[in-house]
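Since the structure comes first, as structure tokens, the remarks are kept for the end.
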Amino acid sequence: MSDQAPVLEMCHITKRFPGIVANDDVGFDLREGEVHALLGENGAGKSTLMNILYGLYHPDEGEIAIKGRNVRLGSPNAAIEAGVGMVHQHFMLIPVMTVTENIVLAEEPTREGVLLDMDEAERRVQEISDRYGLAVDPKARIQDITVGQQQRVEILKALYRDADVLVLDEPTAVLTPQEASELFKVVRSLTERGKSIVFISHKLNEVLEIADRITVLRRGKLVETLPRAGATEGGLARLMVGRDVLLRVAKTDAQPTGPLLEVEDVHISDDRGIEQVRGVSFIVRSGEIVAIAGIDGNGQTELIDGMTGLRAIEAGSVRVEGKDVTRQSVLEHIEAGLGHIPEDRQRRGLVLEYSIAENIALHDYRSPPASRLGWLFPRRLVQRARGLIRDFDVRGGGPTTRAGGLSGGNQQKVVLAREIERDPKVLIAAQPTRGLDVGAIEFVHRRLIEERDEGRAILLISLELEEVLSLADRILVMYEGALVGEFPPTATEEELGVAMTGGKRSEVAA
Amino acid sequence: MSEASGLPPVQPLPAAPEPAPDRGGSFLERLALAQRAGGLVAPLLTVLIAFVMGGLVVFVTTGKNPLRTYQAIFEGSGLNWLFPWVSGEARVLAGFNLQQTLIATTTLALVGLAVAFAFRCGLFNIGGQGQYMSGAVLAVWLGSSFEGMHPFVHVVVALAVGTSAGALVGGIAGFLKATVGAHEVITTIMLNYIVLWVGVFMFGLGGPLQNDLQESVPISNDVVEGAKLPVWWGDALLQGLHVGFFIALAALVVYWIILNRTTLGYGVKAVGFNPEAARYGGINVSRNYFLAMAISGGFAGLAGAVDILGWQFRLSTGDIQTSQIGFVGIAVALLGRNTAVGTGLAALLFGALVTGTSTRNLDPEIFQPELAFNLTLLIQGLVVLFVGIDMVILYLITRARRQRPAT
């Protein structure tokens, strides 16, 4: 680290959108060779600030200086030219092409102006990869390498274009714990060689591990820029949310009783007919939270769909409170007492064009009191929604507000309200806090524990180990369509991480 | 550095917290989505632009004054009857013209609903024509048979059977969609042809339903007096306005009620907005596809029956082959944005245009009616075309909304 002029300086940045100030006089600077974390809840203005830096937005007020020179970043190309590289959360890679082909895309080195010079390109990619310890094979196809490696290809892409400032947008969201620690090594090696990094995250522990300085935004305003030394998770959370937050929800030991959800040797295939769930068995008892941990794409989605009647189960059985629902319709699953908080609330959990009241009635609009003999009573839907909006603290609208107009956290509260209000015996919560901010996560977690204590059987399917560890009473690890281990909630992230990548197989207690 | 430098040239903003339901999908799907979104500005603008363009064409090609032309069309449609200062003979004429406009409006509203209802379920019903014709065929058969049946019963039976015929034809497309996933656009187009040629066969020379009097004329028997819809405004002999107008109004109300006050409508709309969420909610998506198409077909079948019993009274093979009314229904629904009120108003607009440009009603001094009818078609076409403009406007609105901060 050095004390010279910052490599990047953003001063008094203000960006207004109709009805809202997304960035209000925000200042941000980045010194050469440092990792500066940008922390904030959803809607705090992190993305807006970075999109300004990347030339996607123009600030209404304020200035940007790179290496001491004032710049106007009119487009992403201008930003790249100025030495800013961005690694998005969702990779922009072409799976069938090689690492090198992806990296040089649109900038292909040529011989005599027309012929592709892939050898030269590969050599350069290899050289950059070696210099920063990225360990990427330039000739490998994207589809054959791991997500962690793909991310490093994205980093390479920026380095290939001589980026000095790298913006990593929620880089660990898609990684396993092991991959994340490898990424941190890469980040350190980059900074040692003079690159500067903006690290966007909402995971406090990571920020504390990797950042030199931390800037916290809240509601578009700069709250504080502080050095890592002395910062604590609790302190950062308070800065982000503006009040004290329970990071790990308090809970008593589970008092499980009889089994409510029994899954026995189920086999389920995906749309292409490939078996994704290969003989999974487990039970969830009344009054406990069982979590299924695993890396995305190991059959969790198919398992959820199978258990809820959305996808055919080829073999095996699912019983809810003793009743076999294996080949029943979705409606019969619901009526048997199964609640389901779906993975994707916008695509599946809500009809975004419907009002909150209408969405709350999604499962039971066919029967009284919502309707009688096919006749709907909109006023009753509104009344019922009004109560639930109060109980679940849904903000941003009333019963007749379009669900699509709510923020993610409030949308999830609507889903939660609907599923819990039906008093289900079994509640399947699939990634219930995905994309939510700290405050909303706390709410959802607290509510799930409360429902457990009410005697429901709760099955949590999550990609977030922290969530799994803080909520679950028992943890099952899913890998390649099978359950490969059961762990107590005292297990470490490392133990789970190993099992999630198929490293160690322990006995499955079903 | 080039646009596609590997880093995304135009990075779409993260969806949260203002969700932009990005379902991708074909143009048709996006069109359907936008069309279900409602709103008033876009359709008004659409009409305005269509009229301006139409006016330009009038001016450039004929040198006539577009405003005078539109005024003449307006008067030809009889809508000036609504002005209290129009009196005497002009008022009588206006009244007569307005009756014709409202007869056309009646049909257009019903065929418009046939397209609109399917749209609300996310389906594109291009089969309005076939469904309409099946209703007409059965209505003319029933209406011209059973002479001496109690008039009220006769009318009700003929309307009911006509409606059912349309529902059946629409239902076939819905059934195929629900069971084997056959695309409704394809199946409804095919069904149009099936109905068309069955109709031609029925009333053609030697056909089973050809009239009993003139062997050389491929036309049906006339509807008997008792089966005709009573005329409530104007002279029955001068094709006054029949009670079918109220049937269309009632259908608009029924449409609104089904969509907004019944569990059926809740399910249909849920499937239309988001089939995946509907399925998750326990709604039987296939069943709703079937029902929506059947109900859509019912509206069109009713339109056919009302036309036959209201003013047409007979059906020739020529009528069957030249009729385009079901397709105009698409324009009506698109312009009306699939709402009850919108469909009603769009039907009135097109009804007025059709009547106002007819040879009988347009003053040839001002504009050749033969040309003017083409103007109607032109405006119709432009409206459908400018639904695309609609999309642009909607896109801009959504984009402005989305430009609020994310994460």
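Within each chain, counting starts at residue 1; across the structure tokens, chains are named A, B, ... in the order shown, with ligands numbered 1 upward in that order.
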
- Message: Taking the DSSP secondary structure from the backbone, can you list the residues of range 93-269 of chain B that are strand (DSSP E or B), as a VMD selection string?
- Response: chain B and resid 219 231 to 233 241 to 242 262

- Message: If the cut-off is 7 Å, can you tell me the residues of chain A near chain B, counting only C-alpha atoms? I'd like them as a PyMOL selection string.
- Response: chain A and resi 17-18+22+42-48+76-77+102-103+105-107+310+330-331+347-351+353+362-363+365-366+374-377+404-405+407-408

Written file, previous selection with C-alpha atoms, as an mmCIF file, in the first residue's frame:
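Written out: result.cif:
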```
data_model
loop_
_atom_site.group_PDB
_atom_site.id
_atom_site.type_symbol
_atom_site.label_atom_id
_atom_site.label_comp_id
_atom_site.auth_asym_id
_atom_site.auth_seq_id
_atom_site.Cartn_x
_atom_site.Cartn_y
_atom_site.Cartn_z
ATOM 1 C CA PHE A 17 -33.789 8.977 -10.495
ATOM 2 C CA PRO A 18 -37.421 9.948 -10.690
ATOM 3 C CA ALA A 22 -29.719 6.932 -5.556
ATOM 4 C CA ASN A 42 -30.041 -3.691 -1.416
ATOM 5 C CA GLY A 43 -30.950 -0.277 -2.698
ATOM 6 C CA ALA A 44 -28.214 1.461 -0.745
ATOM 7 C CA GLY A 45 -26.683 2.734 -3.955
ATOM 8 C CA LYS A 46 -23.696 0.412 -4.395
ATOM 9 C CA SER A 47 -24.621 -0.648 -7.898
ATOM 10 C CA THR A 48 -25.521 2.857 -8.956
ATOM 11 C CA PRO A 76 -18.202 1.152 -20.623
ATOM 12 C CA ASN A 77 -15.650 1.414 -23.397
ATOM 13 C CA ASN A 102 -13.431 -15.558 -24.666
ATOM 14 C CA ILE A 103 -10.751 -13.228 -23.427
ATOM 15 C CA LEU A 105 -13.273 -11.581 -28.087
ATOM 16 C CA ALA A 106 -13.638 -8.443 -30.210
ATOM 17 C CA GLU A 107 -9.947 -7.673 -29.666
ATOM 18 C CA LEU A 310 -44.537 -29.465 -9.761
ATOM 19 C CA VAL A 330 -49.979 -29.381 -6.810
ATOM 20 C CA LEU A 331 -53.308 -28.454 -5.293
ATOM 21 C CA ARG A 347 -40.909 -16.105 -11.549
ATOM 22 C CA ARG A 348 -42.891 -18.502 -9.438
ATOM 23 C CA GLY A 349 -43.767 -17.193 -6.013
ATOM 24 C CA LEU A 350 -45.774 -14.215 -7.138
ATOM 25 C CA VAL A 351 -47.914 -13.065 -9.996
ATOM 26 C CA GLU A 353 -49.052 -8.076 -12.064
ATOM 27 C CA LEU A 362 -53.222 -17.633 -4.788
ATOM 28 C CA HIS A 363 -53.695 -21.017 -3.139
ATOM 29 C CA TYR A 365 -59.124 -18.250 -3.923
ATOM 30 C CA ARG A 366 -61.346 -21.155 -4.912
ATOM 31 C CA GLY A 374 -67.029 -19.422 -8.221
ATOM 32 C CA TRP A 375 -67.872 -15.897 -7.182
ATOM 33 C CA LEU A 376 -64.867 -13.945 -5.946
ATOM 34 C CA PHE A 377 -65.047 -11.425 -3.113
ATOM 35 C CA GLY A 404 -44.212 -6.226 -8.774
ATOM 36 C CA GLY A 405 -43.916 -2.757 -7.296
ATOM 37 C CA SER A 407 -38.887 -4.424 -3.117
ATOM 38 C CA GLY A 408 -37.472 -7.934 -2.972
#
```

- Any chance you could list, as a PyMOL selection string, the residues in range 299-488 of chain A that come up helix (DSSP H, G or I) when DSSP is run on the backbone? chain A and resi 300-307+330-335+345-349+356-360+378-391+403-405+408-421+438-453+465-471

Compile the contact shell of Leu39 in chain A as a CSV table (one decimal) with C-alpha atoms, in the first residue's frame: residues with an atom at most 6 Å away, counting only C-alpha atoms, same-chain residues fewer than 2 positions apart removed.
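Once written, part.csv looks like this:
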```
chain,number,residue,atom,x,y,z
A,201,SER,CA,-20.4,-7.4,-0.9
A,202,HIS,CA,-23.0,-7.7,1.7
A,216,VAL,CA,-20.7,1.7,4.0
```

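Within 8 Å of range 333-336 of chain B there are Gln35, Pro43, Thr46, Gly112, Leu113, Val115, Ala116, Gly329, Ala340, Val341, Gly342, Thr343, Gly344, Leu345, Ala346, Val383, Val384 and Val387 of chain B, counting only C-alpha atoms and ignoring same-chain residues fewer than 4 positions away.
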
- Near Met86 in chain A, within 10 Å and counting only C-alpha atoms, which residues show up once chain neighbours fewer than 5 positions away are dropped, as a PyMOL selection string? (chain A and resi 50-51+53-54+76+79-80+154-155+157-158+163+165-169+197-198) or (chain B and resi 7-8)

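Every protein or nucleic acid residue with an atom no more than 8 Å from Ile360 in chain A, counting only C-alpha atoms and leaving out same-chain residues fewer than 6 positions away, appears here: Leu381, Ala385, Val414, Val415, Ala417 and Arg418 of chain A.
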
- Task: Could you give me, as a list in words, the residues within 9 Å of Val137 in chain B, counting only C-alpha atoms and dropping anything in the same chain fewer than 5 positions from it?
- Result: Tyr132, Leu142, Gly162, Ala165, Gly199, Met202, Gly304, Ala305, Ile308 and Leu315 of chain B
